[in-house]
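Visitor: Here you go, one structure.
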Amino acid sequence: MEKRIKYSVSNYFTTLFVFAFIQGCQPKEEKSNPPKPNIVYIMADDLGYGDLSSYGQQKFETPNIDRLAKEGMLFTQHYSGTTVCAPSRSSLMTGLHTGHTPIRGNRGINGGQYPLPPDVITIPKILKKAGYVTGVFGKWGLGYPGSAGDPLNQGFDEFFGYNSQTISHNYYARELSDNDKVIELKENSGTEHGVYTPNLIQERTLDFIDRHRDTTFFLYVPSIIPHAELFAPEEYMEMFVKRTSPEPPHAYESKFAPETPYEGIDDPEHPRYKVGGYGSQPYPRATFAAMVKLLDYQVGEILDKLDALGLADNTLVIFTSDNGPHVEGGADPDFFNSNGPFQGYKRDLHEGGIRIPMLARWPGRIASESRTDHVSAFWDVLPTLCEVVGMESPEGIDGISYLPSLLGEAQQEHEYLYWEFHEQQGKQAVRKGDWKAIRLDMFGDTPKLFLFDLSEDLGEAKNLASEHPEVLEELIQIMDTARMEDPEWPFLNHKKLN
């Protein structure tokens, strides 16, 4: 029997979302402004702060993504919504941090994930109201097919890719969503690896740009690369492995030897085979590098398409990642220094789990080769895009537009940033200025407290909690008051319910 769900988000959200969508995001007073830009927002999956050569990667290069830094702006202090997929993406879409956004954890249901509620304000809903054609190509993860959270019910005109983030673990998927239909990929039936699905999604991404060249569009590209399962097409693998035997079965040597092979799920009778289980990979390091090179190539294809169609000058392109690097499926983020100078990985609220790369290009508006230290986060994207397209931001959101930073103008700063994470006994973090507090084991009897001064300690190695108790107390008060409890996602009340 299918599990029935109910939207028990607090009355605060219901009234906020309905009122704000009706009253907020109204067009600003007419001015003689230039045409509204196209918007392309590309998001990698589990790409770390240090995984791009523009951010210091030494093992391989990412020249196409680096173009965005050369032709635009590099953010040094941008943060994800939280440290795993669904809640981070919910924060992005709604302009709300994880103490307010309606999806606060990874929860599978009905062949997908727990859905966004019907009355929530999202970026595509706002941009459609501003006259944009909207499309999403890649991984969704915010509502199973047909639910209120289905991308077609959240403001997107077109969707092609993985509805379920579980299925998106696999690069030779047996099916994908095509708008409201599910299409079978016969080339990947059984044990076949006929179609590398990110390449198929890329074809549809470029086709969207072609078909809407004469409109104003919002293109959201949540790539699955380089998440978890480590598979890459042969032509990209050959950049990092060389064949050492002329006759089959061929032997190979990795550029990053010695490799530690990863033993995954290869038995087609296993219930998780191509349903979220990671396949085996003898060359995890080489494959990770190959996957990021493919991602870089695909970003280059999008930029080249915009150039070829004469759209580049009136298109804002943003590239980022949904959280820090993972350690699953054989990945070796330490070898690649994927988290840069930071401590922590995906599922950590240390900087390595939530501080992410972000690059933005908008020719003629964003200065080339510019950098900003402005502290920003996923929940700032919604108000930023509202300002870009000339719409008022909705009331009650947590985000602040960073358009002034993009344009080199005076920028409002956050009073603080807040995160929570509902796995691993519950975690919270707050950044205020250069101070960063983390509270772990929220569901246990004795939470652990940490305080760091990021101006002196980017690696969060020295806990200053005992030296600055007054600062720690201030940040703990923010942890207690910055959020609202939601019965669907109990947190501070977790122990009372378990």
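Ligands are numbered from 1 in the order shown, residues from 1 within each chain, and chains are lettered A, B, ... in the order they appear in the structure tokens.
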Give one line per residue of region 340-373 of chain A that approaches region 453-461 of chain A to at most 10 Å, naming the two atoms of the closest pair and their distance in Å to one decimal, counting only C-alpha atoms; sort by chain then ascending residue number and deliver it as a tab-separated table.
Guide:
```
residue	atom	partner	partner_atom	distance
A:Gly340	CA	A:Gly459	CA	9.3
A:Pro341	CA	A:Gly459	CA	6.1
A:Phe342	CA	A:Gly459	CA	4.6
A:Gln343	CA	A:Gly459	CA	5.2
A:Gly344	CA	A:Gly459	CA	8.8
A:His350	CA	A:Glu460	CA	7.3
A:Glu351	CA	A:Gly459	CA	7.6
A:Gly352	CA	A:Gly459	CA	8.5
```
Visitor: Which neighbours of region 357-359 of chain A fall inside 6 Å, counting only C-alpha atoms, when residues of the same chain fewer than 6 positions from it are skipped, and could you give them as an mmCIF file with N, CA, C and O atoms, in the first residue's frame?
Guide:
```
data_model
loop_
_atom_site.group_PDB
_atom_site.id
_atom_site.type_symbol
_atom_site.label_atom_id
_atom_site.label_comp_id
_atom_site.auth_asym_id
_atom_site.auth_seq_id
_atom_site.Cartn_x
_atom_site.Cartn_y
_atom_site.Cartn_z
ATOM 1 N N TYR A 49 34.789 22.324 -2.921
ATOM 2 C CA TYR A 49 35.344 23.668 -3.104
ATOM 3 C C TYR A 49 36.655 23.622 -3.883
ATOM 4 O O TYR A 49 36.950 24.515 -4.671
ATOM 5 N N LEU A 68 34.230 30.935 -16.681
ATOM 6 C CA LEU A 68 33.289 31.766 -15.931
ATOM 7 C C LEU A 68 34.024 32.667 -14.952
ATOM 8 O O LEU A 68 33.587 33.801 -14.699
ATOM 9 N N ALA A 69 35.126 32.179 -14.388
ATOM 10 C CA ALA A 69 35.930 33.019 -13.501
ATOM 11 C C ALA A 69 36.674 34.090 -14.293
ATOM 12 O O ALA A 69 36.751 35.256 -13.872
ATOM 13 N N MET A 73 32.802 36.475 -12.230
ATOM 14 C CA MET A 73 33.140 36.643 -10.809
ATOM 15 C C MET A 73 33.253 35.301 -10.109
ATOM 16 O O MET A 73 32.446 34.388 -10.321
ATOM 17 N N LEU A 74 34.243 35.182 -9.228
ATOM 18 C CA LEU A 74 34.451 34.022 -8.373
ATOM 19 C C LEU A 74 34.080 34.391 -6.942
ATOM 20 O O LEU A 74 34.560 35.390 -6.412
ATOM 21 N N PHE A 75 33.220 33.593 -6.331
ATOM 22 C CA PHE A 75 32.817 33.783 -4.934
ATOM 23 C C PHE A 75 33.708 32.914 -4.043
ATOM 24 O O PHE A 75 33.842 31.718 -4.271
ATOM 25 N N ILE A 318 25.370 30.968 -13.901
ATOM 26 C CA ILE A 318 25.903 30.696 -12.567
ATOM 27 C C ILE A 318 26.249 29.213 -12.484
ATOM 28 O O ILE A 318 25.467 28.360 -12.923
ATOM 29 N N PHE A 319 27.410 28.916 -11.928
ATOM 30 C CA PHE A 319 27.828 27.524 -11.711
ATOM 31 C C PHE A 319 28.136 27.339 -10.236
ATOM 32 O O PHE A 319 28.822 28.170 -9.618
ATOM 33 N N THR A 320 27.674 26.211 -9.661
ATOM 34 C CA THR A 320 27.929 25.943 -8.254
ATOM 35 C C THR A 320 27.796 24.442 -7.989
ATOM 36 O O THR A 320 27.777 23.629 -8.916
#
```
Visitor: Extract, using only C-alpha atoms, all DNA, RNA and protein residues at most 12 Å from Asp441 (chain A), discarding same-chain residues fewer than 6 positions from it, and format them as a count of residues only.
Guide: 17
Visitor: Rank A:Gly56, A:Gly300, A:Pro145, A:Pro333 by their smallest atom-to-atom distance to Gly112 (chain A), using only C-alpha atoms, and report the top residue only.
Guide: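 Ranked by minimum distance to Gly112 (chain A), first place goes to A:Pro145.
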Visitor: Could you tell me how far CA of His270 (chain A) lies from CA of Ala228 (chain A), in Å and to one decimal?
Guide: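 Atom-to-atom, CA of His270 (chain A) and CA of Ala228 (chain A) are spaced 18.2 Å apart.
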